[in-house]
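Source file: final01.txt; contents: compact mmCIF, C-alpha atoms and all ligand atoms.
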# COMPACT_ATOMS: atom_id res chain seq x y z
CA MET G 1 180.41 108.99 56.36
CA THR G 2 179.10 107.66 59.65
CA HIS G 3 180.47 104.63 61.46
CA GLU G 4 177.33 102.69 60.41
CA GLU G 5 177.82 103.54 56.75
CA LEU G 6 181.49 102.67 56.90
CA ARG G 7 180.71 99.42 58.68
CA GLY G 8 178.57 98.51 55.68
CA LEU G 9 181.65 98.78 53.46
CA CYS G 10 183.69 96.25 55.42
CA GLY G 11 182.49 93.30 53.35
CA LEU G 12 183.60 94.94 50.13
CA HIS G 13 186.88 95.88 51.73
CA ALA G 14 187.54 92.26 52.68
CA LEU G 15 187.01 91.36 49.03
CA GLY G 16 189.48 94.05 47.95
CA ALA G 17 186.67 95.66 45.97
CA LEU G 18 186.56 99.16 47.44
CA ASP G 19 187.91 102.03 45.40
CA GLY G 20 187.79 105.82 45.29
CA GLU G 21 186.38 107.77 48.20
CA ASP G 22 184.83 104.70 49.82
CA ARG G 23 188.21 103.08 50.13
CA ALA G 24 189.98 106.17 51.40
CA ALA G 25 187.24 106.84 53.94
CA LEU G 26 187.16 103.29 55.31
CA GLU G 27 190.93 102.95 55.47
CA ALA G 28 191.18 106.19 57.46
CA HIS G 29 188.36 105.03 59.74
CA LEU G 30 189.90 101.59 60.35
CA ALA G 31 192.92 103.22 61.94
CA ASP G 32 190.83 104.14 64.96
CA CYS G 33 187.75 101.92 64.94
CA ALA G 34 188.33 98.50 66.47
CA GLU G 35 184.78 97.39 65.73
CA CYS G 36 185.19 97.95 62.01
CA ARG G 37 188.56 96.19 62.06
CA ARG G 38 186.83 93.16 63.57
CA GLU G 39 184.13 93.52 60.95
CA VAL G 40 186.74 93.38 58.17
CA ALA G 41 188.37 90.32 59.77
CA ALA G 42 185.03 88.51 60.04
CA ASN G 43 184.28 89.32 56.41
CA ALA G 44 187.70 88.04 55.40
CA GLU G 45 186.70 84.69 56.86
CA ALA G 46 183.59 84.68 54.72
CA ALA G 47 185.59 85.76 51.66
CA ALA G 48 187.91 82.79 52.11
CA GLY G 49 184.79 80.66 51.80
CA VAL G 50 184.43 81.80 48.20
CA ALA G 51 187.72 80.06 47.38
CA LEU G 52 187.16 77.09 49.66
CA ALA G 53 183.91 76.41 47.85
CA LEU G 54 185.67 75.60 44.56
CA ALA G 55 186.05 71.96 43.61
CA PRO G 56 189.56 71.17 44.87
CA ALA G 57 192.27 70.32 42.35
CA ALA G 58 195.02 68.01 43.55
CA PRO G 59 198.46 69.65 43.17
CA SER G 60 201.04 67.49 41.43
CA PRO G 61 203.23 65.56 43.87
CA GLU G 62 206.15 67.65 42.65
CA VAL G 63 204.79 70.71 44.45
CA ARG G 64 205.07 68.94 47.77
CA LEU G 65 208.66 67.95 46.98
CA ARG G 66 209.57 71.48 45.92
CA LEU G 67 208.00 72.75 49.09
CA GLN G 68 210.01 70.34 51.22
CA ASP G 69 213.19 71.44 49.45
CA ALA G 70 212.41 75.11 49.92
CA VAL G 71 211.68 74.61 53.58
CA ALA G 72 214.79 72.49 54.08
CA ALA G 73 216.87 75.28 52.55
CA ARG G 74 215.30 77.79 54.88
CA THR G 75 215.88 75.67 57.92
CA ALA G 76 219.55 75.37 57.02
CA VAL G 77 219.80 79.16 56.80
CA ALA G 78 218.25 81.15 59.63
CA PRO G 79 215.89 83.92 58.48
CA LEU G 80 217.38 87.40 58.05
CA VAL G 81 220.85 86.25 59.05
CA PRO G 82 223.59 87.22 56.62
CA ARG G 83 224.68 84.14 54.77
CA GLY G 84 228.30 83.15 54.85
CA SER G 85 230.12 83.83 51.64
CA THR G 86 230.37 80.18 50.74
CA PRO G 87 231.17 79.93 47.03
CA ALA G 88 228.07 77.89 46.55
CA TRP G 89 227.43 76.91 42.97
CA ALA G 90 225.50 74.01 44.28
CA VAL G 91 224.73 73.59 47.94
CA PRO G 92 223.20 70.17 48.43
CA ALA G 93 220.45 70.35 50.99
CA ALA G 94 221.51 67.99 53.72
CA ALA G 95 219.19 65.11 54.29
CA ALA G 96 219.19 65.91 57.99
CA ALA G 97 218.08 69.45 57.32
CA ALA G 98 215.27 68.18 55.15
CA LEU G 99 214.17 65.83 57.86
CA LEU G 100 214.30 68.56 60.47
CA ALA G 101 212.35 70.85 58.20
CA GLY G 102 209.69 68.20 57.79
CA VAL G 103 209.34 67.96 61.54
CA TRP G 104 209.26 71.71 62.08
CA PHE G 105 206.96 72.30 59.18
CA GLY G 106 204.57 69.76 60.54
CA ALA G 107 204.76 70.95 64.11
CA LYS G 108 204.39 74.62 63.34
CA LEU G 109 201.54 74.25 60.93
CA GLU G 110 199.61 71.72 62.91
CA ASP G 111 199.65 74.05 65.86
CA ALA G 112 198.62 76.97 63.75
CA SER G 113 195.91 74.98 62.01
CA THR G 114 194.08 74.16 65.19
CA GLY G 115 193.64 77.90 65.53
CA ARG G 116 193.19 77.73 69.28
CA GLY G 117 194.81 76.76 72.53
CA PRO G 118 198.36 77.35 73.72
CA LEU G 119 201.06 76.96 71.13
CA SER G 120 203.47 74.16 71.80
CA ALA G 121 206.84 74.72 73.41
CA GLU G 122 208.51 74.16 70.06
CA VAL G 123 206.59 76.94 68.43
CA GLU G 124 207.30 79.20 71.39
CA LYS G 125 210.96 78.45 70.95
CA VAL G 126 210.86 79.21 67.23
CA ARG G 127 208.99 82.39 68.03
CA GLY G 128 211.59 83.41 70.62
CA ASP G 129 214.47 82.60 68.29
CA ASN G 130 212.88 84.55 65.51
CA ARG G 131 212.38 87.53 67.80
CA LYS G 132 216.03 87.55 68.82
CA LEU G 133 217.19 87.22 65.27
CA ARG G 134 214.87 89.95 64.19
CA GLU G 135 216.13 92.35 66.83
CA ALA G 136 219.72 91.60 65.92
CA ASN G 137 218.97 92.19 62.28
CA VAL G 138 216.57 95.10 62.20
CA ASP G 139 219.04 97.14 60.23
CA LEU G 140 219.59 94.45 57.64
CA GLY G 141 215.85 93.88 57.46
CA LEU G 142 215.21 97.55 56.80
CA ARG G 143 217.86 97.68 54.13
CA LEU G 144 216.41 94.60 52.47
CA ALA G 145 212.94 96.14 52.57
CA GLU G 146 214.37 99.26 51.01
CA ALA G 147 216.07 97.17 48.31
CA ARG G 148 212.78 95.40 47.62
CA ALA G 149 210.99 98.74 47.25
CA LYS G 150 213.63 99.92 44.79
CA LEU G 151 213.26 96.72 42.79
CA ASP G 152 209.49 97.13 42.72
CA ALA G 153 209.95 100.65 41.34
CA MET G 154 212.45 99.47 38.72
CA GLU G 155 210.20 96.62 37.70
CA ALA G 156 207.19 98.92 37.33
CA GLU G 157 209.27 101.30 35.24
CA ALA G 158 210.61 98.52 33.01
CA LEU G 159 207.09 97.16 32.52
CA ALA G 160 205.77 100.63 31.66
CA GLU G 161 208.55 101.02 29.12
CA LYS G 162 207.73 97.57 27.74
CA LYS G 163 211.28 96.42 28.34
CA PHE G 164 209.99 92.90 28.74
CA MET G 165 206.72 91.04 28.43
CA PRO G 166 204.61 90.93 31.57
CA GLY G 167 204.50 87.17 31.07
CA ALA G 168 208.28 86.73 31.38
CA ALA G 169 209.48 84.29 34.01
CA MET G 170 210.80 85.93 37.17
CA GLY G 171 213.48 84.81 39.61
CA GLU G 172 214.69 86.45 42.80
CA LEU G 173 218.35 86.84 43.72
CA ALA G 174 219.68 87.29 47.25
CA GLY G 175 222.81 89.08 48.41
CA VAL G 176 225.68 86.89 49.58
CA GLY G 177 227.54 87.71 52.77
CA GLY G 178 224.96 89.98 54.35
CA ALA G 179 225.32 92.71 51.74
CA ALA G 180 221.59 93.54 51.87
CA ALA G 181 221.63 93.44 48.08
CA LEU G 182 218.73 91.96 46.17
CA GLY G 183 218.10 91.25 42.53
CA ARG G 184 215.40 90.14 40.15
CA VAL G 185 215.73 88.45 36.80
CA PHE G 186 213.06 88.41 34.12
CA TRP G 187 213.60 86.14 31.23
CA GLN G 188 211.92 84.81 28.17
CA GLY G 189 213.99 82.33 26.22
CA GLU G 190 217.52 83.63 25.92
CA GLU G 191 216.55 87.21 26.57
CA VAL G 192 217.42 88.01 30.16
CA HIS G 193 216.74 91.25 32.05
CA ILE G 194 218.37 91.83 35.37
CA MET G 195 217.81 94.46 38.03
CA ALA G 196 219.49 94.73 41.40
CA ALA G 197 219.65 97.14 44.31
CA ASN G 198 222.13 97.93 47.11
CA LEU G 199 225.16 96.71 45.19
CA PRO G 200 228.47 98.18 46.35
CA ALA G 201 230.65 99.94 43.78
CA PRO G 202 232.94 97.23 42.34
CA PRO G 203 236.72 97.57 42.67
CA GLU G 204 238.61 99.20 39.78
CA GLY G 205 238.49 97.09 36.62
CA ARG G 206 235.72 94.86 37.91
CA GLY G 207 232.03 94.60 37.19
CA TYR G 208 229.07 92.36 37.91
CA GLN G 209 228.64 89.44 35.52
CA VAL G 210 225.40 87.52 35.17
CA TRP G 211 225.28 83.72 34.91
CA ALA G 212 222.50 81.38 33.89
CA LEU G 213 222.56 78.14 35.84
CA VAL G 214 221.06 74.91 34.64
CA GLU G 215 221.51 71.76 36.62
CA GLY G 216 224.13 69.45 35.17
CA MET G 217 225.60 72.14 32.90
CA ALA G 218 228.43 74.65 33.23
CA PRO G 219 227.30 78.18 34.18
CA MET G 220 226.38 80.14 31.02
CA PRO G 221 228.04 83.54 30.85
CA GLY G 222 225.95 86.71 30.53
CA ALA G 223 227.01 90.32 30.24
CA VAL G 224 228.95 92.44 32.76
CA PHE G 225 227.04 95.36 34.29
CA MET G 226 228.04 98.31 36.46
CA PRO G 227 225.78 99.69 39.19
CA ASP G 228 225.00 103.40 39.25
CA ARG G 229 225.95 105.66 42.15
CA GLU G 230 222.93 104.58 44.14
CA GLY G 231 223.87 100.93 43.83
CA LEU G 232 221.14 100.21 41.28
CA LEU G 233 221.91 97.96 38.37
CA LYS G 234 219.75 97.13 35.39
CA GLY G 235 220.30 95.77 31.94
CA ALA G 236 219.29 93.34 29.24
CA GLN G 237 221.32 90.69 27.51
CA ARG G 238 221.00 87.54 25.49
CA ILE G 239 222.48 84.51 27.19
CA GLU G 240 223.07 81.75 24.67
CA GLY G 241 221.90 78.30 25.59
CA VAL G 242 219.23 79.22 28.14
CA PRO G 243 216.60 76.52 27.71
CA ALA G 244 212.90 77.29 27.52
CA GLY G 245 210.89 76.82 30.69
CA ARG G 246 211.57 77.51 34.31
CA GLY G 247 214.44 75.17 35.04
CA VAL G 248 216.95 78.04 35.02
CA LYS G 249 218.47 79.96 37.89
CA PHE G 250 220.67 83.03 37.81
CA ALA G 251 223.62 84.32 39.79
CA VAL G 252 225.95 87.32 39.70
CA THR G 253 229.70 87.29 40.36
CA LEU G 254 232.37 89.97 40.52
CA GLU G 255 234.55 89.65 37.39
CA PRO G 256 236.91 91.61 35.14
CA VAL G 257 234.89 94.17 33.16
CA ALA G 258 235.60 92.34 29.90
CA GLY G 259 233.75 89.34 31.26
CA VAL G 260 234.90 85.74 31.60
CA LYS G 261 233.69 82.44 30.18
CA ALA G 262 233.58 80.65 33.51
CA PRO G 263 233.09 82.29 36.92
CA THR G 264 236.29 83.20 38.79
CA GLY G 265 235.24 85.87 41.28
CA PRO G 266 233.13 85.73 44.43
CA MET G 267 229.39 85.36 44.10
CA VAL G 268 227.53 88.56 44.86
CA LEU G 269 223.93 87.57 44.16
CA GLU G 270 222.73 84.01 44.37
CA PRO G 271 219.51 82.21 43.50
CA PRO G 272 217.18 81.26 46.34
CA LYS G 273 218.38 78.03 47.92
CA MET Y 1 203.57 66.15 55.54
CA THR Y 2 201.32 68.71 57.11
CA LYS Y 3 197.71 68.86 57.98
CA LEU Y 4 197.42 72.33 56.59
CA TYR Y 5 198.84 71.32 53.23
CA ASP Y 6 196.77 68.17 53.06
CA ARG Y 7 193.65 70.00 53.97
CA TYR Y 8 193.86 73.17 51.95
CA SER Y 9 196.24 72.63 49.03
CA GLY Y 10 193.39 71.38 46.84
CA ALA Y 11 191.18 74.38 47.45
CA ALA Y 12 194.19 76.70 47.28
CA LEU Y 13 195.29 75.33 43.91
CA ALA Y 14 191.74 75.55 42.58
CA ALA Y 15 191.52 79.19 43.67
CA ALA Y 16 194.90 80.14 42.19
CA ALA Y 17 194.07 78.32 38.95
CA ARG Y 18 190.69 80.02 38.77
CA VAL Y 19 192.42 83.39 39.05
CA LEU Y 20 195.32 82.63 36.72
CA GLY Y 21 193.77 80.20 34.26
CA ASP Y 22 197.02 78.23 34.25
CA ARG Y 23 197.83 75.20 36.30
CA ALA Y 24 201.62 75.46 36.29
CA GLU Y 25 201.50 79.05 37.42
CA ALA Y 26 198.91 78.20 40.03
CA GLU Y 27 201.26 75.56 41.42
CA ASP Y 28 204.06 78.15 41.56
CA VAL Y 29 201.78 80.42 43.57
CA LEU Y 30 200.83 77.53 45.82
CA GLN Y 31 204.46 76.78 46.55
CA GLU Y 32 205.36 80.43 47.10
CA VAL Y 33 202.53 80.95 49.55
CA PHE Y 34 203.10 77.77 51.52
CA VAL Y 35 206.77 78.67 51.91
CA ARG Y 36 205.73 82.09 53.17
CA VAL Y 37 203.28 80.44 55.54
CA TRP Y 38 206.11 78.35 56.88
CA ASP Y 39 208.31 81.40 57.30
CA ARG Y 40 205.65 83.24 59.18
CA ALA Y 41 203.86 80.49 61.05
CA ALA Y 42 205.55 81.54 64.29
CA GLU Y 43 204.17 85.05 63.91
CA PHE Y 44 200.67 83.88 63.23
CA ASP Y 45 198.25 85.46 65.63
CA THR Y 46 195.24 83.23 66.18
CA SER Y 47 193.27 86.09 67.69
CA ARG Y 48 193.20 87.89 64.37
CA GLY Y 49 191.45 85.25 62.34
CA SER Y 50 191.58 81.65 61.20
CA VAL Y 51 194.49 80.03 59.44
CA ALA Y 52 192.14 79.11 56.60
CA ALA Y 53 191.27 82.75 55.93
CA TRP Y 54 194.90 83.80 56.24
CA LEU Y 55 196.06 81.11 53.86
CA MET Y 56 193.31 81.55 51.28
CA GLY Y 57 193.68 85.33 51.43
CA SER Y 58 197.41 84.97 50.79
CA ILE Y 59 196.80 82.61 47.88
CA ARG Y 60 194.23 84.91 46.36
CA ASN Y 61 196.41 88.01 46.69
CA ALA Y 62 199.51 86.30 45.33
CA ALA Y 63 197.53 84.98 42.35
CA ILE Y 64 195.95 88.39 41.66
CA ASP Y 65 199.40 90.03 41.85
CA ARG Y 66 200.72 87.57 39.33
CA LEU Y 67 197.67 88.01 37.14
CA ARG Y 68 198.29 91.75 37.02
CA ARG Y 69 201.78 91.14 35.71
CA LYS Y 70 200.44 89.35 32.71
CA ASP Y 71 198.93 91.35 29.90
CA ALA Y 72 195.45 90.76 28.62
CA PHE Y 73 196.69 89.32 25.36
CA HIS Y 74 198.73 86.70 27.13
CA ARG Y 75 195.80 85.82 29.32
CA ALA Y 76 193.46 85.35 26.40
CA LEU Y 77 195.93 83.02 24.72
CA GLU Y 78 196.42 80.81 27.73
CA GLY Y 79 192.70 80.62 28.11
CA ALA Y 80 190.48 78.41 30.11
CA ALA Y 81 191.69 75.25 28.38
CA ALA Y 82 194.55 75.00 30.87
CA LEU Y 83 192.29 74.99 33.92
CA PRO Y 84 192.94 71.99 36.10
CA ARG Y 85 190.28 69.38 36.10
CA PRO Y 86 188.55 69.39 39.43
CA ASP Y 87 188.97 66.11 41.25
CA GLY Y 88 186.32 66.87 43.79
CA ASP Y 89 184.63 63.57 43.18
CA ARG Y 90 187.70 61.51 43.82
CA HIS Y 91 188.58 63.32 47.02
CA GLU Y 92 186.10 63.17 49.81
CA LEU Y 93 185.44 66.80 50.72
CA PRO Y 94 185.74 67.45 54.46
CA GLU Y 95 182.44 68.29 56.14
CA ASP Y 96 183.30 71.91 56.92
CA LEU Y 97 184.41 72.58 53.36
CA ARG Y 98 181.19 71.04 52.12
CA ARG Y 99 179.27 73.51 54.27
CA VAL Y 100 181.22 76.41 52.80
CA LYS Y 101 180.53 75.16 49.32
CA ALA Y 102 176.82 74.87 50.03
CA ALA Y 103 176.79 78.39 51.47
CA VAL Y 104 178.44 79.90 48.42
CA GLU Y 105 176.32 77.91 46.02
CA GLY Y 106 173.25 78.94 47.99
CA LEU Y 107 173.85 82.62 47.23
CA PRO Y 108 171.55 84.19 44.66
CA MET Y 109 173.51 84.56 41.41
CA GLU Y 110 173.07 88.36 41.49
CA GLN Y 111 175.05 88.41 44.74
CA ARG Y 112 177.48 85.62 43.98
CA ARG Y 113 178.62 86.95 40.61
CA PRO Y 114 179.95 90.34 41.78
CA ILE Y 115 181.60 88.71 44.81
CA GLU Y 116 183.40 86.24 42.54
CA LEU Y 117 184.46 89.02 40.16
CA ALA Y 118 186.08 90.80 43.09
CA TYR Y 119 187.63 87.70 44.53
CA PHE Y 120 188.88 85.90 41.44
CA GLU Y 121 189.49 88.75 39.02
CA GLY Y 122 190.52 91.42 41.49
CA LEU Y 123 187.95 93.89 40.15
CA THR Y 124 186.84 96.86 42.23
CA GLN Y 125 183.22 97.85 42.81
CA THR Y 126 183.35 100.41 39.98
CA GLU Y 127 184.84 97.88 37.56
CA ILE Y 128 182.26 95.28 38.57
CA ALA Y 129 179.42 97.75 37.99
CA ALA Y 130 180.80 98.44 34.50
CA ARG Y 131 181.30 94.75 33.72
CA LEU Y 132 177.79 93.81 34.84
CA GLU Y 133 176.26 97.00 33.42
CA GLN Y 134 174.55 97.72 36.71
CA PRO Y 135 174.43 100.89 38.82
CA LEU Y 136 177.26 101.11 41.36
CA GLY Y 137 174.80 101.41 44.25
CA THR Y 138 173.07 98.19 43.24
CA VAL Y 139 176.35 96.31 42.97
CA LYS Y 140 177.50 97.48 46.40
CA THR Y 141 174.21 96.54 48.03
CA ARG Y 142 174.20 93.09 46.45
CA MET Y 143 177.78 92.40 47.46
CA ARG Y 144 177.10 93.52 51.00
CA LEU Y 145 174.02 91.31 51.23
CA GLY Y 146 175.92 88.39 49.77
CA MET Y 147 178.70 88.75 52.31
CA GLN Y 148 176.16 88.96 55.12
CA ARG Y 149 174.52 85.77 53.93
CA LEU Y 150 177.85 84.00 53.68
CA ARG Y 151 178.80 85.04 57.17
CA ALA Y 152 175.49 83.87 58.53
CA ALA Y 153 175.81 80.54 56.74
CA LEU Y 154 179.36 80.04 57.92
CA ALA Y 155 178.79 80.98 61.54
CA GLY Y 156 179.90 78.09 63.68
CA PHE Y 157 182.29 76.70 61.08
CA GLU Y 158 185.65 76.58 62.86
CA GLY Y 159 187.26 78.86 60.31
CA GLY Y 160 184.15 80.95 59.91
CA ALA Y 161 182.94 84.22 61.27
CA ALA Y 162 181.78 84.30 64.87
ZN ZN H 301 183.65 101.89 62.69

Could you spell out this file's structure in structure tokens?
Amino acid sequence: MTHEELRGLCGLHALGALDGEDRAALEAHLADCAECRREVAANAEAAAGVALALAPAAPSPEVRLRLQDAVAARTAVAPLVPRGSTPAWAVPAAAAAALLAGVWFGAKLEDASTGRGPLSAEVEKVRGDNRKLREANVDLGLRLAEARAKLDAMEAEALAEKKFMPGAAMGELAGVGGAAALGRVFWQGEEVHIMAANLPAPPEGRGYQVWALVEGMAPMPGAVFMPDREGLLKGAQRIEGVPAGRGVKFAVTLEPVAGVKAPTGPMVLEPPK
Amino acid sequence: MTKLYDRYSGAALAAAARVLGDRAEAEDVLQEVFVRVWDRAAEFDTSRGSVAAWLMGSIRNAAIDRLRRKDAFHRALEGAAALPRPDGDRHELPEDLRRVKAAVEGLPMEQRRPIELAYFEGLTQTEIAARLEQPLGTVKTRMRLGMQRLRAALAGFEGGAA
């Protein structure tokens, strides 16, 4: 196909609608045609218009609160930095952190939303800090990316084998102490599937026990699982007492292989803060 | 809290809900994406496009990803009944968004329909041709023309194509 023909496909590409030979041809061409890359970007702007044209629906106020919490948690923990192994069943987000997050959130996004002009000193500082952190943590980042790819593969496999309904709720788990381990939990009622990657082999006599966490209640014990030689872990279990809905989080601790009724060992995978 | 949230959360929620047909899930997507936006705001490169396009593209892709995880049966059950009620009348729509809306609504239906099928249902050109029972070539031409019209109509809008 000629450049002109390929250029004509950029609108469909921006809509994610290309398939087959058209898609392969344009993607190969984009690697070395700056004009067509600009064409795709310009079409992406127009595509966003399709969504912006919908009658807006006001999100419930709760979304804003959840967002503030999430951002506060992220401000308290620098991105890509191994977290300390605080035995954190419940880490209360400090009010100061929340306040700071509000300020940063506002500053960063307002700058970005103007879409022009020099970014403020604050954003430059955040950018610089992020760069340093990123350089210092390239290895961890790569290992996390690798863990994520393994999880994606496990999830696809489990879905193909109909291990759980595609509509099951999903929660992410993060490694504690910079272990570069990651996990995902899929659950529907009391039926809980877990998968994790990059888990170290547990010491003799120990295994990884799953816990369901509901605010205001004691952790509910799940089964104990062992990772395979590649550090992959997967399994299904029924955890009694898991309430319906999304107000459940999950964690994994290192425990005796027989399992315990209340967590005793260090936390290995924790819910997002 | 933020201008970006105040300005785009309504449209973003509407888009996610249109894709997913479920308000609670759409709100989850909204939260996920805004957190990601916060994480990556420092990396945002203004030379590569507008924040609006970046944000709406992220919302759309996250919603389509989630949609693909659900099976068709599930989707049919949840149905359109759960769609959020638009509150467009209660909220004064900003002028630039009103222009976008007019541009999209001004598209001939034969161009708008395939574009919306791609955007909100994640269908490819071949799937759209099958759904609309039209030749693939016709569908591609109409989508291309529709996108050209949109770009022309949006030129000058701060988030629009140059
Ligand atoms: Zn080209």

**Message:** Would you pick out the contacts of Leu15 in chain G at 12 Å or less, using only C-alpha atoms, so that residues sharing its chain but fewer than 5 positions from it are not included, and give the list as a PyMOL selection string?
**Reply:** (chain G and resi 9-10+23+40-51) or (chain Y and resi 53+56-57+60-61+64+114-125+140+143-144+146-147)

**Request:** Using only C-alpha atoms, determine which residues lie at most 10 Å from Arg66 in chain Y, disregarding the query and same-chain residues fewer than 2 positions distant; provide the list as a PyMOL selection string.
**Result:** (chain G and resi 166-167) or (chain Y and resi 16+19-20+25-26+29+60-64+68-70)

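Taking only C-alpha atoms into account, chain G lies nearest to Y:Ala11 out of the set Y:Ala103, Y:Leu136, Y:Ala11, Y:Ala17.
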
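Using only C-alpha atoms, the smallest distance between any of G:Arg246, G:Lys150, G:His193, G:Lys261 and chain Y comes from G:Arg246.
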
**Protein and nucleic acid residues within 6 Å of ligand ZN 301 (chain H) (only C-alpha atoms and all ligand atoms) as a PyMOL selection string** = chain G and resi 3+7+33+35-36

**Prompt:** Residues at most 10 Å from Ala236 in chain G, counting only C-alpha atoms, excluding those fewer than 5 positions away in the same chain, as a PyMOL selection string?
**Reply:** chain G and resi 163-164+185-187+191-195+222-223+225

**Asked** Could you state the separation of CA of Gly171 in chain G and CA of Val260 in chain G in Å, given to one decimal place?
**Response** 22.9 Å

**Between CA of Glu155 in chain G and CA of Ala196 in chain G, distance in Å (one decimal)** =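 Interatomic distance here is 10.2 Å.
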
**Item:** Nearest-residue call for Ala244 in chain G, choices G:Ala174, G:Ala34, G:Ala168, G:Met267, using only C-alpha atoms
**Value:**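 Closest candidate: G:Ala168.
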
**Message:** At a cut-off of 10 Å, using only C-alpha atoms, what residues contact Val224 in chain G? Leave out same-chain residues fewer than 4 positions from it and give the result as a count of residues only.
**Reply:** 17

**Distance in Å - CA of Gly106 in chain Y versus CA of Leu145 in chain Y** =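 A separation of 12.8 Å between them.
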
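The residue that comes closest to chain Y, out of G:Pro263, G:Pro272, G:Gly175, G:Pro219 and on the basis of all atoms listed in the file, is G:Pro272.
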
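Considering the residues Y:Lys101, Y:Arg23, Y:Arg113, Y:Arg149 and counting only C-alpha atoms, chain G has its shortest atom-to-atom contact with Y:Lys101.
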
**Item:** Near-Pro200 in chain G list (9 Å; all atoms listed in the file; drop same-chain fewer than 4 positions) as JSON, numbers by chain
**Value:** {"G": [179, 181, 227, 229, 230, 231]}

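Shortest separation to Glu32 in chain Y among Y:Arg98, Y:Ser58, Y:Tyr8, Y:Pro108 occurs at residue Y:Ser58, atoms counted being all atoms listed in the file.
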
Since the input is missing atoms for range 239-244 of chain G, could you rebuild it with all heavy atoms and give the result as a CSV table (one decimal), keeping the file's coordinate frame?
chain,number,residue,atom,x,y,z
G,239,ILE,N,221.6,85.5,26.7
G,239,ILE,CA,222.5,84.5,27.2
G,239,ILE,C,222.2,83.2,26.4
G,239,ILE,O,221.2,82.6,26.5
G,239,ILE,CB,222.3,84.2,28.7
G,239,ILE,CG1,222.5,85.5,29.5
G,239,ILE,CG2,223.3,83.1,29.1
G,239,ILE,CD1,222.4,85.3,31.0
G,240,GLU,N,223.2,82.9,25.6
G,240,GLU,CA,223.1,81.8,24.7
G,240,GLU,C,222.9,80.4,25.5
G,240,GLU,O,223.7,80.2,26.4
G,240,GLU,CB,224.3,81.7,23.7
G,240,GLU,CG,224.0,82.4,22.4
G,240,GLU,CD,225.2,82.4,21.5
G,240,GLU,OE1,225.7,81.3,21.3
G,240,GLU,OE2,225.6,83.5,21.1
G,241,GLY,N,222.0,79.6,25.0
G,241,GLY,CA,221.9,78.3,25.6
G,241,GLY,C,220.9,78.2,26.7
G,241,GLY,O,220.7,77.1,27.2
G,242,VAL,N,220.2,79.3,27.1
G,242,VAL,CA,219.2,79.2,28.1
G,242,VAL,C,218.0,78.4,27.6
G,242,VAL,O,217.4,78.8,26.6
G,242,VAL,CB,218.8,80.6,28.6
G,242,VAL,CG1,217.6,80.5,29.6
G,242,VAL,CG2,219.9,81.4,29.3
G,243,PRO,N,217.7,77.3,28.2
G,243,PRO,CA,216.6,76.5,27.7
G,243,PRO,C,215.3,77.2,28.0
G,243,PRO,O,215.1,78.0,28.9
G,243,PRO,CB,216.8,75.2,28.5
G,243,PRO,CG,217.4,75.6,29.7
G,243,PRO,CD,218.3,76.8,29.4
G,244,ALA,N,214.2,76.8,27.2
G,244,ALA,CA,212.9,77.3,27.5
G,244,ALA,C,212.4,76.7,28.8
G,244,ALA,O,212.9,75.7,29.3
G,244,ALA,CB,212.0,76.9,26.4
